[in-house]
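> Data: data00.cif, mmCIF, C-alpha atoms (C1' of nucleotides).
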data_final
loop_
_atom_site.group_PDB
_atom_site.id
_atom_site.type_symbol
_atom_site.label_atom_id
_atom_site.label_comp_id
_atom_site.auth_asym_id
_atom_site.auth_seq_id
_atom_site.Cartn_x
_atom_site.Cartn_y
_atom_site.Cartn_z
ATOM 1 C CA MET I 1 50.813 118.585 57.375
ATOM 2 C CA LYS I 2 51.495 119.720 60.861
ATOM 3 C CA LEU I 3 50.635 117.756 63.953
ATOM 4 C CA ILE I 4 51.444 120.711 66.146
ATOM 5 C CA THR I 5 51.510 124.353 65.187
ATOM 6 C CA ARG I 6 53.986 126.975 66.195
ATOM 7 C CA ASN I 7 52.054 128.369 69.097
ATOM 8 C CA THR I 8 51.464 124.908 70.530
ATOM 9 C CA ASP I 9 55.160 124.224 70.164
ATOM 10 C CA TYR I 10 56.127 127.415 71.941
ATOM 11 C CA ALA I 11 53.563 126.738 74.639
ATOM 12 C CA LEU I 12 54.996 123.285 75.244
ATOM 13 C CA ARG I 13 58.514 124.622 75.511
ATOM 14 C CA ALA I 14 57.387 127.330 77.882
ATOM 15 C CA LEU I 15 55.617 124.770 80.020
ATOM 16 C CA CYS I 16 58.661 122.525 80.037
ATOM 17 C CA TYR I 17 60.777 125.421 81.157
ATOM 18 C CA MET I 18 58.360 126.273 83.916
ATOM 19 C CA SER I 19 58.260 122.704 85.072
ATOM 20 C CA LYS I 20 61.958 123.025 85.817
ATOM 21 C CA HIS I 21 61.680 126.320 87.680
ATOM 22 C CA GLU I 22 59.917 126.471 90.985
ATOM 23 C CA GLY I 23 59.020 130.152 91.325
ATOM 24 C CA LEU I 24 57.378 132.610 88.997
ATOM 25 C CA VAL I 25 58.644 132.834 85.449
ATOM 26 C CA THR I 26 58.270 136.015 83.434
ATOM 27 C CA VAL I 27 57.717 136.504 79.741
ATOM 28 C CA GLY I 28 61.141 138.113 79.633
ATOM 29 C CA GLN I 29 62.860 134.970 80.869
ATOM 30 C CA LEU I 30 61.087 132.760 78.380
ATOM 31 C CA VAL I 31 61.787 135.105 75.517
ATOM 32 C CA LYS I 32 65.457 135.078 76.368
ATOM 33 C CA LYS I 33 65.574 131.319 76.770
ATOM 34 C CA LEU I 34 63.496 130.339 73.766
ATOM 35 C CA GLY I 35 64.103 133.163 71.323
ATOM 36 C CA VAL I 36 60.440 133.610 70.585
ATOM 37 C CA PRO I 37 58.975 137.062 69.781
ATOM 38 C CA ARG I 38 57.926 138.699 73.004
ATOM 39 C CA PRO I 39 54.349 139.761 72.174
ATOM 40 C CA PHE I 40 53.657 136.348 70.723
ATOM 41 C CA MET I 41 54.930 134.634 73.841
ATOM 42 C CA ARG I 42 52.790 136.903 75.977
ATOM 43 C CA LYS I 43 49.708 136.060 74.024
ATOM 44 C CA ILE I 44 50.388 132.379 74.358
ATOM 45 C CA LEU I 45 50.891 132.560 78.094
ATOM 46 C CA GLN I 46 47.758 134.602 78.496
ATOM 47 C CA GLN I 47 45.804 131.957 76.671
ATOM 48 C CA LEU I 48 47.275 129.263 78.873
ATOM 49 C CA ASN I 49 46.313 131.309 81.884
ATOM 50 C CA LYS I 50 42.745 131.716 80.696
ATOM 51 C CA LYS I 51 42.488 128.005 80.204
ATOM 52 C CA ARG I 52 43.735 127.370 83.713
ATOM 53 C CA ILE I 53 46.952 125.719 82.734
ATOM 54 C CA LEU I 54 48.910 128.519 84.343
ATOM 55 C CA GLU I 55 48.432 130.885 87.235
ATOM 56 C CA SER I 56 49.428 134.471 86.696
ATOM 57 C CA TYR I 57 50.491 137.199 89.067
ATOM 58 C CA LYS I 58 50.457 140.826 88.133
ATOM 59 C CA GLY I 59 52.669 143.605 89.334
ATOM 60 C CA GLN I 60 56.334 144.234 89.423
ATOM 61 C CA ALA I 61 57.334 140.877 90.824
ATOM 62 C CA GLY I 62 54.715 139.065 88.810
ATOM 63 C CA GLY I 63 54.902 136.255 86.330
ATOM 64 C CA PHE I 64 53.480 132.835 85.590
ATOM 65 C CA LYS I 65 53.696 129.379 87.067
ATOM 66 C CA LEU I 66 52.148 126.011 86.437
ATOM 67 C CA LYS I 67 48.797 125.553 88.069
ATOM 68 C CA THR I 68 49.224 121.821 88.307
ATOM 69 C CA SER I 69 52.002 119.245 88.206
ATOM 70 C CA PRO I 70 53.726 118.620 84.862
ATOM 71 C CA GLY I 71 52.591 115.019 84.927
ATOM 72 C CA LYS I 72 48.997 116.142 84.792
ATOM 73 C CA ILE I 73 49.340 118.442 81.809
ATOM 74 C CA HIS I 74 48.633 116.432 78.703
ATOM 75 C CA ILE I 75 49.819 117.760 75.416
ATOM 76 C CA VAL I 76 46.505 117.040 73.733
ATOM 77 C CA GLU I 77 45.000 119.556 76.090
ATOM 78 C CA ILE I 78 47.484 122.173 74.912
ATOM 79 C CA MET I 79 46.914 121.229 71.303
ATOM 80 C CA ARG I 80 43.203 121.701 71.774
ATOM 81 C CA ILE I 81 43.740 125.181 73.173
ATOM 82 C CA PHE I 82 45.716 126.372 70.188
ATOM 83 C CA GLN I 83 44.511 124.164 67.407
ATOM 84 C CA GLY I 84 41.004 123.239 68.349
ATOM 85 C CA LYS I 85 39.713 119.702 68.446
ATOM 86 C CA VAL I 86 42.386 117.166 67.634
ATOM 87 C CA GLU I 87 40.948 115.157 64.814
ATOM 88 C CA LEU I 88 41.792 114.295 61.271
ATOM 89 C CA SER I 89 38.313 115.220 60.056
ATOM 90 C CA GLY I 90 36.470 113.801 57.154
ATOM 91 C CA CYS I 91 34.136 114.343 54.266
ATOM 92 C CA PHE I 92 34.122 117.542 52.356
ATOM 93 C CA LEU I 93 31.124 116.687 50.274
ATOM 94 C CA LYS I 94 27.720 117.229 51.760
ATOM 95 C CA LYS I 95 25.956 114.112 52.893
ATOM 96 C CA GLU I 96 23.338 114.089 50.165
ATOM 97 C CA ILE I 97 26.040 114.002 47.554
ATOM 98 C CA CYS I 98 28.485 111.659 49.233
ATOM 99 C CA PRO I 99 27.917 108.351 47.475
ATOM 100 C CA ASN I 100 28.224 106.212 50.580
ATOM 101 C CA LYS I 101 25.779 108.033 52.798
ATOM 102 C CA GLY I 102 27.727 108.100 56.032
ATOM 103 C CA LYS I 103 29.232 104.667 55.578
ATOM 104 C CA CYS I 104 32.145 106.220 53.753
ATOM 105 C CA VAL I 105 35.033 103.787 53.798
ATOM 106 C CA LEU I 106 37.644 106.516 53.696
ATOM 107 C CA ARG I 107 36.100 108.194 56.681
ATOM 108 C CA LYS I 108 36.271 104.981 58.672
ATOM 109 C CA LYS I 109 39.895 104.484 57.809
ATOM 110 C CA ILE I 110 40.690 108.035 58.820
ATOM 111 C CA ARG I 111 38.908 107.533 62.099
ATOM 112 C CA SER I 112 40.976 104.488 62.785
ATOM 113 C CA ILE I 113 44.194 106.326 62.083
ATOM 114 C CA GLU I 114 43.002 109.128 64.299
ATOM 115 C CA GLU I 115 42.300 106.689 67.102
ATOM 116 C CA GLY I 116 45.816 105.313 66.924
ATOM 117 C CA MET I 117 47.217 108.782 66.953
ATOM 118 C CA LEU I 118 45.197 109.900 69.941
ATOM 119 C CA GLU I 119 46.130 106.783 71.847
ATOM 120 C CA GLN I 120 49.764 107.705 71.578
ATOM 121 C CA LEU I 121 49.189 111.398 72.155
ATOM 122 C CA ARG I 122 47.142 110.920 75.260
ATOM 123 C CA GLU I 123 50.071 109.420 77.087
ATOM 124 C CA ILE I 124 52.332 112.397 76.550
ATOM 125 C CA THR I 125 52.484 114.939 79.338
ATOM 126 C CA ILE I 126 54.802 117.828 80.023
ATOM 127 C CA ALA I 127 56.582 115.606 82.521
ATOM 128 C CA SER I 128 57.316 113.068 79.833
ATOM 129 C CA LEU I 129 58.869 115.736 77.649
ATOM 130 C CA VAL I 130 61.341 116.996 80.213
ATOM 131 C CA MET S 1 44.082 119.456 61.508
ATOM 132 C CA LYS S 2 43.375 117.839 58.220
ATOM 133 C CA LEU S 3 44.763 114.520 57.181
ATOM 134 C CA ILE S 4 43.566 115.036 53.661
ATOM 135 C CA THR S 5 42.763 118.287 51.930
ATOM 136 C CA ARG S 6 39.880 119.050 49.664
ATOM 137 C CA ASN S 7 41.662 118.407 46.412
ATOM 138 C CA THR S 8 42.983 115.073 47.639
ATOM 139 C CA ASP S 9 39.471 114.187 48.704
ATOM 140 C CA TYR S 10 38.010 115.090 45.336
ATOM 141 C CA ALA S 11 40.788 113.250 43.570
ATOM 142 C CA LEU S 12 40.081 110.108 45.555
ATOM 143 C CA ARG S 13 36.386 110.279 44.794
ATOM 144 C CA ALA S 14 37.091 110.802 41.131
ATOM 145 C CA LEU S 15 39.439 107.834 41.102
ATOM 146 C CA CYS S 16 36.881 105.681 42.886
ATOM 147 C CA TYR S 17 34.304 106.630 40.302
ATOM 148 C CA MET S 18 36.657 105.799 37.472
ATOM 149 C CA SER S 19 37.505 102.480 39.006
ATOM 150 C CA LYS S 20 33.862 101.543 38.589
ATOM 151 C CA HIS S 21 33.597 102.712 34.989
ATOM 152 C CA GLU S 22 35.479 100.909 32.279
ATOM 153 C CA GLY S 23 35.664 103.501 29.505
ATOM 154 C CA LEU S 24 36.656 107.122 29.414
ATOM 155 C CA VAL S 25 35.189 109.433 31.988
ATOM 156 C CA THR S 26 34.830 113.149 31.313
ATOM 157 C CA VAL S 27 35.085 116.068 33.665
ATOM 158 C CA GLY S 28 31.415 116.700 32.981
ATOM 159 C CA GLN S 29 30.402 113.309 34.327
ATOM 160 C CA LEU S 30 32.429 113.727 37.479
ATOM 161 C CA VAL S 31 31.135 117.215 38.090
ATOM 162 C CA LYS S 32 27.589 115.962 37.801
ATOM 163 C CA LYS S 33 28.224 112.967 40.019
ATOM 164 C CA LEU S 34 30.291 114.646 42.717
ATOM 165 C CA GLY S 35 29.017 118.208 42.681
ATOM 166 C CA VAL S 36 32.498 119.671 42.588
ATOM 167 C CA PRO S 37 33.224 122.942 40.755
ATOM 168 C CA ARG S 38 34.120 122.159 37.173
ATOM 169 C CA PRO S 39 37.362 124.119 36.754
ATOM 170 C CA PHE S 40 38.651 122.746 40.050
ATOM 171 C CA MET S 41 37.887 119.204 39.008
ATOM 172 C CA ARG S 42 39.656 119.798 35.706
ATOM 173 C CA LYS S 43 42.746 121.045 37.433
ATOM 174 C CA ILE S 44 42.796 118.055 39.726
ATOM 175 C CA LEU S 45 42.455 115.589 36.888
ATOM 176 C CA GLN S 46 45.163 117.331 34.914
ATOM 177 C CA GLN S 47 47.486 117.008 37.865
ATOM 178 C CA LEU S 48 46.678 113.328 38.190
ATOM 179 C CA ASN S 49 47.383 112.950 34.513
ATOM 180 C CA LYS S 50 50.742 114.671 34.773
ATOM 181 C CA LYS S 51 51.687 112.367 37.605
ATOM 182 C CA ARG S 52 50.767 109.338 35.544
ATOM 183 C CA ILE S 53 47.883 108.231 37.675
ATOM 184 C CA LEU S 54 45.515 108.815 34.797
ATOM 185 C CA GLU S 55 45.643 108.661 31.047
ATOM 186 C CA SER S 56 43.974 111.411 29.115
ATOM 187 C CA TYR S 57 42.508 111.604 25.645
ATOM 188 C CA LYS S 58 41.804 114.873 23.925
ATOM 189 C CA GLY S 59 39.167 115.663 21.393
ATOM 190 C CA GLN S 60 35.443 115.406 21.226
ATOM 191 C CA ALA S 61 35.198 111.866 22.538
ATOM 192 C CA GLY S 62 38.017 112.365 24.971
ATOM 193 C CA GLY S 63 38.235 111.943 28.702
ATOM 194 C CA PHE S 64 40.258 110.270 31.403
ATOM 195 C CA LYS S 65 40.783 106.764 32.651
ATOM 196 C CA LEU S 66 42.927 105.039 35.240
ATOM 197 C CA LYS S 67 46.381 104.203 34.017
ATOM 198 C CA THR S 68 46.705 101.276 36.395
ATOM 199 C CA SER S 69 44.467 99.002 38.443
ATOM 200 C CA PRO S 70 42.723 100.500 41.486
ATOM 201 C CA GLY S 71 44.547 98.082 43.750
ATOM 202 C CA LYS S 72 47.831 99.620 42.761
ATOM 203 C CA ILE S 73 46.885 103.222 43.458
ATOM 204 C CA HIS S 74 47.817 103.992 47.030
ATOM 205 C CA ILE S 75 46.220 106.962 48.670
ATOM 206 C CA VAL S 76 49.527 108.167 50.102
ATOM 207 C CA GLU S 77 50.635 108.641 46.531
ATOM 208 C CA ILE S 78 47.646 110.874 45.867
ATOM 209 C CA MET S 79 48.195 112.725 49.120
ATOM 210 C CA ARG S 80 51.751 113.421 48.123
ATOM 211 C CA ILE S 81 50.655 114.861 44.806
ATOM 212 C CA PHE S 82 48.315 117.382 46.375
ATOM 213 C CA GLN S 83 49.784 117.879 49.806
ATOM 214 C CA GLY S 84 53.453 117.163 49.442
ATOM 215 C CA LYS S 85 55.375 114.823 51.682
ATOM 216 C CA VAL S 86 53.186 113.078 54.219
ATOM 217 C CA GLU S 87 54.757 113.810 57.543
ATOM 218 C CA LEU S 88 53.856 115.415 60.816
ATOM 219 C CA SER S 89 57.013 117.541 60.904
ATOM 220 C CA GLY S 90 58.804 118.832 63.928
ATOM 221 C CA CYS S 91 60.707 121.569 65.641
ATOM 222 C CA PHE S 92 60.048 125.187 64.920
ATOM 223 C CA LEU S 93 62.938 126.512 66.921
ATOM 224 C CA LYS S 94 66.311 126.610 65.272
ATOM 225 C CA LYS S 95 68.694 123.931 66.365
ATOM 226 C CA GLU S 96 71.047 126.187 68.272
ATOM 227 C CA ILE S 97 68.198 127.320 70.458
ATOM 228 C CA CYS S 98 66.398 124.039 70.904
ATOM 229 C CA PRO S 99 67.429 122.873 74.361
ATOM 230 C CA ASN S 100 67.742 119.221 73.462
ATOM 231 C CA LYS S 101 69.971 119.543 70.443
ATOM 232 C CA GLY S 102 68.340 117.115 68.094
ATOM 233 C CA LYS S 103 67.417 114.618 70.758
ATOM 234 C CA CYS S 104 64.141 116.409 71.300
ATOM 235 C CA VAL S 105 61.737 114.084 73.061
ATOM 236 C CA LEU S 106 58.697 115.604 71.446
ATOM 237 C CA ARG S 107 60.153 115.111 68.030
ATOM 238 C CA LYS S 108 60.708 111.441 68.722
ATOM 239 C CA LYS S 109 57.165 110.992 69.896
ATOM 240 C CA ILE S 110 55.865 112.728 66.811
ATOM 241 C CA ARG S 111 57.953 110.497 64.591
ATOM 242 C CA SER S 112 56.524 107.470 66.273
ATOM 243 C CA ILE S 113 52.979 108.697 65.747
ATOM 244 C CA GLU S 114 53.822 109.443 62.156
ATOM 245 C CA GLU S 115 55.152 105.944 61.658
ATOM 246 C CA GLY S 116 51.935 104.437 62.977
ATOM 247 C CA MET S 117 49.941 106.659 60.722
ATOM 248 C CA LEU S 118 51.924 105.827 57.615
ATOM 249 C CA GLU S 119 51.710 102.142 58.360
ATOM 250 C CA GLN S 120 47.957 102.319 58.227
ATOM 251 C CA LEU S 121 47.873 104.705 55.303
ATOM 252 C CA ARG S 122 50.150 102.633 53.153
ATOM 253 C CA GLU S 123 47.651 99.810 53.042
ATOM 254 C CA ILE S 124 44.848 101.891 51.651
ATOM 255 C CA THR S 125 44.351 101.804 47.906
ATOM 256 C CA ILE S 126 41.570 103.005 45.661
ATOM 257 C CA ALA S 127 40.393 99.425 45.467
ATOM 258 C CA SER S 128 40.023 99.275 49.233
ATOM 259 C CA LEU S 129 37.869 102.373 49.196
ATOM 260 C CA VAL S 130 35.323 101.106 46.694
ATOM 261 C "C1'" DG W 1 37.066 122.496 6.430
ATOM 262 C "C1'" DA W 2 34.239 124.438 10.220
ATOM 263 C "C1'" DC W 3 32.450 123.560 14.482
ATOM 264 C "C1'" DA W 4 31.862 121.503 18.848
ATOM 265 C "C1'" DA W 5 33.502 119.181 22.730
ATOM 266 C "C1'" DA W 6 36.902 117.470 25.019
ATOM 267 C "C1'" DT W 7 41.803 118.204 27.509
ATOM 268 C "C1'" DG W 8 46.647 121.101 28.215
ATOM 269 C "C1'" DA W 9 48.790 124.847 30.269
ATOM 270 C "C1'" DT W 10 49.150 128.630 33.057
ATOM 271 C "C1'" DA W 11 48.180 132.722 35.453
ATOM 272 C "C1'" DC W 12 45.274 134.874 38.451
ATOM 273 C "C1'" DT W 13 41.963 135.696 42.504
ATOM 274 C "C1'" DA W 14 39.531 134.625 46.937
ATOM 275 C "C1'" DA W 15 39.139 132.704 51.390
ATOM 276 C "C1'" DT W 16 41.006 130.890 55.450
ATOM 277 C "C1'" DA W 17 44.372 129.777 58.868
ATOM 278 C "C1'" DT W 18 48.482 130.857 61.043
ATOM 279 C "C1'" DG W 19 51.898 133.808 62.906
ATOM 280 C "C1'" DG W 20 52.816 137.988 64.840
ATOM 281 C "C1'" DT W 21 52.190 143.350 66.398
ATOM 282 C "C1'" DA W 22 50.432 147.213 68.730
ATOM 283 C "C1'" DT W 23 48.170 149.495 72.257
ATOM 284 C "C1'" DC W 24 45.985 150.668 76.284
ATOM 285 C "C1'" DA W 25 44.350 149.124 80.826
ATOM 286 C "C1'" DT W 26 45.253 147.066 85.334
ATOM 287 C "C1'" DT W 27 47.877 145.456 89.196
ATOM 288 C "C1'" DA W 28 51.401 145.615 92.735
ATOM 289 C "C1'" DC W 29 56.016 146.277 94.506
ATOM 290 C "C1'" DT W 30 59.301 150.021 95.749
ATOM 291 C "C1'" DA E 1 54.505 158.372 91.724
ATOM 292 C "C1'" DG E 2 57.071 155.291 88.928
ATOM 293 C "C1'" DT E 3 58.169 151.007 87.025
ATOM 294 C "C1'" DA E 4 57.685 146.387 85.706
ATOM 295 C "C1'" DA E 5 54.919 142.926 85.338
ATOM 296 C "C1'" DT E 6 50.227 140.806 83.225
ATOM 297 C "C1'" DG E 7 45.018 141.454 80.992
ATOM 298 C "C1'" DA E 8 42.391 142.355 77.066
ATOM 299 C "C1'" DT E 9 41.639 143.188 72.501
ATOM 300 C "C1'" DA E 10 42.086 144.783 67.957
ATOM 301 C "C1'" DC E 11 44.805 144.762 64.241
ATOM 302 C "C1'" DC E 12 48.232 143.362 60.455
ATOM 303 C "C1'" DA E 13 51.223 139.983 57.577
ATOM 304 C "C1'" DT E 14 52.110 135.793 55.459
ATOM 305 C "C1'" DA E 15 51.266 131.230 53.777
ATOM 306 C "C1'" DT E 16 48.289 127.745 52.350
ATOM 307 C "C1'" DT E 17 44.278 126.143 50.302
ATOM 308 C "C1'" DA E 18 40.473 126.578 47.242
ATOM 309 C "C1'" DG E 19 38.802 128.013 43.206
ATOM 310 C "C1'" DT E 20 38.518 130.951 38.442
ATOM 311 C "C1'" DA E 21 39.599 132.526 34.001
ATOM 312 C "C1'" DT E 22 41.555 132.217 29.663
ATOM 313 C "C1'" DC E 23 43.629 130.735 25.686
ATOM 314 C "C1'" DA E 24 45.713 126.878 23.124
ATOM 315 C "C1'" DT E 25 45.447 122.184 21.232
ATOM 316 C "C1'" DT E 26 43.362 117.939 19.788
ATOM 317 C "C1'" DT E 27 39.861 115.164 17.504
ATOM 318 C "C1'" DG E 28 35.310 113.374 16.152
ATOM 319 C "C1'" DT E 29 31.205 114.874 13.411
ATOM 320 C "C1'" DC E 30 28.666 117.373 10.022
#
Could you quickly redo this structure as structure tokens?

Amino acid sequence: MKLITRNTDYALRALCYMSKHEGLVTVGQLVKKLGVPRPFMRKILQQLNKKRILESYKGQAGGFKLKTSPGKIHIVEIMRIFQGKVELSGCFLKKEICPNKGKCVLRKKIRSIEEGMLEQLREITIASLV
Amino acid sequence: MKLITRNTDYALRALCYMSKHEGLVTVGQLVKKLGVPRPFMRKILQQLNKKRILESYKGQAGGFKLKTSPGKIHIVEIMRIFQGKVELSGCFLKKEICPNKGKCVLRKKIRSIEEGMLEQLREITIASLV
DNA sequence: GACAAATGATACTAATATGGTATCATTACT
DNA sequence: AGTAATGATACCATATTAGTATCATTTGTC
């Protein structure tokens, strides 16, 4: 079971790197630093740009930079971008079959675990990773 | 992200059902009750049998039953059978590249979340689900 | 003993999610 | 004009999960 997937992981590392470098950072730099496949890194950065985590600049002297301060970028946000809603999700059986009709004990327990997890996750920002 | 997968879920439901029925329970009964595909349910029960969660009896009047009391069957155990080790796992980058050389902050945070999760999970048994 | 109804074992297939490529278009500095 | 960057998008590869298919074995019933 993975809490974070590979692309989230790479994204976080890229963001950490950027948080330590004032100016524009190019895909090339990140690839060299992190050893991640170039096209994959590009795709990730483009997604971050679309979601307004990064700003991008085209052209020869182009690159990416953080759009906001590292302390304001929460990792749950990044997780959501690459992994969708952060939840532990529940029932597989359709409601009419599920014996407990929405009062499923297991579901409740999972929710509670999820809550604890989110509570801890919410506090983590890029700043707190650097 | 899924805390439990489909087969774990089905297994848990099957175990809950069995915990409420003294005698032998057949695949047929479970299929009818839970609406799960028959061959899939069979496979799941066979795995539970191999792992000594269930006892099985062959032959015309055969079936399955719990090998131990519902209070002693922990759901982490079942999760492990179908999903392997229950952990949130860490770094994707090889150690020589990872900038923090094993002291990765993110990893630590993940471990802590994992610990909280396991603490809650460990208390859940089949008995507590019924 | 034959048959039916159950499980045992195992190999295979299908669907989905994840990880990663490839390609062409656009922008902007020199 | 050329080059070095990103934008957009479609595609491919691999792994995991979900589910099937098939044949063998056991055992109660007629």
> Fit chain S to chain I: least squares, all C-alpha atoms, paired in order; write the output as a compact mmCIF listing (two decimals) with C-alpha atoms, keeping the file's coordinate frame.

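Listing of result.txt after writing:
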# COMPACT_ATOMS: atom_id res chain seq x y z
CA MET S 1 50.55 118.63 57.47
CA LYS S 2 51.28 119.80 60.94
CA LEU S 3 50.45 117.84 64.02
CA ILE S 4 51.25 120.79 66.20
CA THR S 5 51.30 124.44 65.25
CA ARG S 6 53.80 127.05 66.23
CA ASN S 7 51.92 128.42 69.18
CA THR S 8 51.34 124.95 70.59
CA ASP S 9 55.02 124.26 70.16
CA TYR S 10 56.02 127.44 71.96
CA ALA S 11 53.50 126.77 74.68
CA LEU S 12 54.93 123.32 75.27
CA ARG S 13 58.46 124.65 75.47
CA ALA S 14 57.38 127.34 77.88
CA LEU S 15 55.62 124.77 80.04
CA CYS S 16 58.67 122.52 79.99
CA TYR S 17 60.81 125.41 81.10
CA MET S 18 58.44 126.26 83.90
CA SER S 19 58.34 122.69 85.05
CA LYS S 20 62.05 122.98 85.74
CA HIS S 21 61.81 126.27 87.61
CA GLU S 22 60.08 126.43 90.94
CA GLY S 23 59.21 130.11 91.27
CA LEU S 24 57.56 132.59 88.98
CA VAL S 25 58.78 132.82 85.43
CA THR S 26 58.39 136.01 83.42
CA VAL S 27 57.79 136.49 79.74
CA GLY S 28 61.21 138.10 79.59
CA GLN S 29 62.94 134.95 80.79
CA LEU S 30 61.12 132.76 78.31
CA VAL S 31 61.80 135.11 75.44
CA LYS S 32 65.48 135.07 76.26
CA LYS S 33 65.58 131.31 76.66
CA LEU S 34 63.46 130.33 73.68
CA GLY S 35 64.05 133.16 71.24
CA VAL S 36 60.36 133.61 70.56
CA PRO S 37 58.91 137.06 69.77
CA ARG S 38 57.89 138.72 73.01
CA PRO S 39 54.32 139.79 72.22
CA PHE S 40 53.57 136.36 70.79
CA MET S 41 54.89 134.65 73.88
CA ARG S 42 52.79 136.95 76.04
CA LYS S 43 49.66 136.11 74.13
CA ILE S 44 50.35 132.42 74.44
CA LEU S 45 50.91 132.60 78.17
CA GLN S 46 47.78 134.66 78.64
CA GLN S 47 45.80 132.02 76.83
CA LEU S 48 47.29 129.31 79.00
CA ASN S 49 46.38 131.36 82.02
CA LYS S 50 42.79 131.79 80.89
CA LYS S 51 42.51 128.06 80.40
CA ARG S 52 43.81 127.43 83.90
CA ILE S 53 47.01 125.75 82.87
CA LEU S 54 48.99 128.54 84.45
CA GLU S 55 48.60 130.91 87.34
CA SER S 56 49.58 134.50 86.82
CA TYR S 57 50.70 137.23 89.16
CA LYS S 58 50.66 140.87 88.20
CA GLY S 59 52.90 143.63 89.37
CA GLN S 60 56.58 144.26 89.42
CA ALA S 61 57.57 140.88 90.80
CA GLY S 62 54.91 139.08 88.85
CA GLY S 63 55.07 136.24 86.39
CA PHE S 64 53.61 132.85 85.64
CA LYS S 65 53.84 129.39 87.10
CA LEU S 66 52.26 126.02 86.48
CA LYS S 67 48.93 125.58 88.17
CA THR S 68 49.34 121.82 88.39
CA SER S 69 52.11 119.24 88.25
CA PRO S 70 53.79 118.62 84.88
CA GLY S 71 52.62 115.02 84.95
CA LYS S 72 49.04 116.17 84.86
CA ILE S 73 49.36 118.47 81.88
CA HIS S 74 48.59 116.47 78.78
CA ILE S 75 49.74 117.81 75.47
CA VAL S 76 46.39 117.10 73.82
CA GLU S 77 44.93 119.61 76.22
CA ILE S 78 47.40 122.23 75.02
CA MET S 79 46.78 121.29 71.41
CA ARG S 80 43.09 121.78 71.92
CA ILE S 81 43.63 125.24 73.34
CA PHE S 82 45.59 126.45 70.33
CA GLN S 83 44.33 124.24 67.56
CA GLY S 84 40.84 123.27 68.55
CA LYS S 85 39.56 119.73 68.59
CA VAL S 86 42.23 117.19 67.73
CA GLU S 87 40.81 115.20 64.89
CA LEU S 88 41.66 114.34 61.33
CA SER S 89 38.18 115.22 60.05
CA GLY S 90 36.43 113.79 57.07
CA CYS S 91 34.20 114.25 54.09
CA PHE S 92 34.12 117.46 52.16
CA LEU S 93 31.20 116.53 49.99
CA LYS S 94 27.75 117.07 51.36
CA LYS S 95 25.99 113.96 52.50
CA GLU S 96 23.42 113.87 49.74
CA ILE S 97 26.18 113.76 47.17
CA CYS S 98 28.58 111.44 48.92
CA PRO S 99 28.06 108.10 47.21
CA ASN S 100 28.35 106.01 50.34
CA LYS S 101 25.87 107.84 52.51
CA GLY S 102 27.73 107.97 55.76
CA LYS S 103 29.30 104.56 55.40
CA CYS S 104 32.23 106.11 53.59
CA VAL S 105 35.15 103.71 53.68
CA LEU S 106 37.72 106.46 53.66
CA ARG S 107 36.11 108.11 56.61
CA LYS S 108 36.30 104.90 58.59
CA LYS S 109 39.95 104.47 57.79
CA ILE S 110 40.66 108.02 58.82
CA ARG S 111 38.85 107.50 62.10
CA SER S 112 40.94 104.47 62.79
CA ILE S 113 44.14 106.38 62.12
CA GLU S 114 42.90 109.15 64.33
CA GLU S 115 42.20 106.72 67.13
CA GLY S 116 45.73 105.36 66.95
CA MET S 117 47.10 108.84 67.00
CA LEU S 118 45.06 109.94 69.99
CA GLU S 119 46.01 106.83 71.89
CA GLN S 120 49.64 107.76 71.62
CA LEU S 121 49.06 111.44 72.18
CA ARG S 122 47.04 110.96 75.31
CA GLU S 123 50.00 109.47 77.12
CA ILE S 124 52.25 112.43 76.57
CA THR S 125 52.46 114.96 79.37
CA ILE S 126 54.78 117.85 80.04
CA ALA S 127 56.58 115.63 82.50
CA SER S 128 57.27 113.07 79.79
CA LEU S 129 58.81 115.73 77.60
CA VAL S 130 61.34 116.97 80.13
> Evaluating the PyMOL selection byres ((chain S) within 8 of (chain I)) on the displayed file yields which residues, as a ChimeraX atom specification?
/S:1-4,6,9,33-35,83,86-93,97-98,105-106,110,113,116-117,120-121,129-130
> Return the neighbours of chain W among the residues of chain I, cut-off 7 Å, counting all atoms listed in the file, as a ChimeraX atom specification.
/I:40,58-61
> Give me, as a list in words, all polymer residues having an atom no more than 12 Å from S:Met18, counting all atoms listed in the file and skipping those fewer than 6 positions away in the same chain.
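So the residues in contact are Ala11, Leu12, Leu24, Val25, Thr26, Val27, Gln29, Leu30, Lys33, Leu45, Ile53, Leu54, Glu55, Gly63, Phe64, Lys65, Leu66, Lys67, Thr68, Ser69, Pro70, Ile126, Ala127 and Val130 of chain S.
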> Starting from the displayed file, determine the output of the PyMOL selection byres ((chain E) within 8 of (chain S)) and express the residue list as a ChimeraX atom specification.
/E:18-20,26-28
> Include C-alpha atoms (C1' of nucleotides) and write out the residues we just selected as a PDB file, keeping the file's coordinate frame.

ATOM      1  C1'  DA E  18      40.473 126.578  47.242  1.00  0.00           C
ATOM      2  C1'  DG E  19      38.802 128.013  43.206  1.00  0.00           C
ATOM      3  C1'  DT E  20      38.518 130.951  38.442  1.00  0.00           C
ATOM      4  C1'  DT E  26      43.362 117.939  19.788  1.00  0.00           C
ATOM      5  C1'  DT E  27      39.861 115.164  17.504  1.00  0.00           C
ATOM      6  C1'  DG E  28      35.310 113.374  16.152  1.00  0.00           C
TER       7       DG E  28
END
> Which distance in Å separates atom CA of I:Cys16 and atom CA of I:Lys72, to one decimal?
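Separation between atom CA of I:Cys16 and atom CA of I:Lys72: 12.5 Å.
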> One decimal, Å: what's the distance from atom C1' of E:DA15 over to atom CA of S:Ile81, could you say?
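Rounded to one decimal, the two atoms are 18.7 Å apart.
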> Expressed in Å to a single decimal, how great is the separation between atom CA of I:Leu15 and atom C1' of E:DG7?
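Between these atoms lies a distance of 19.8 Å.
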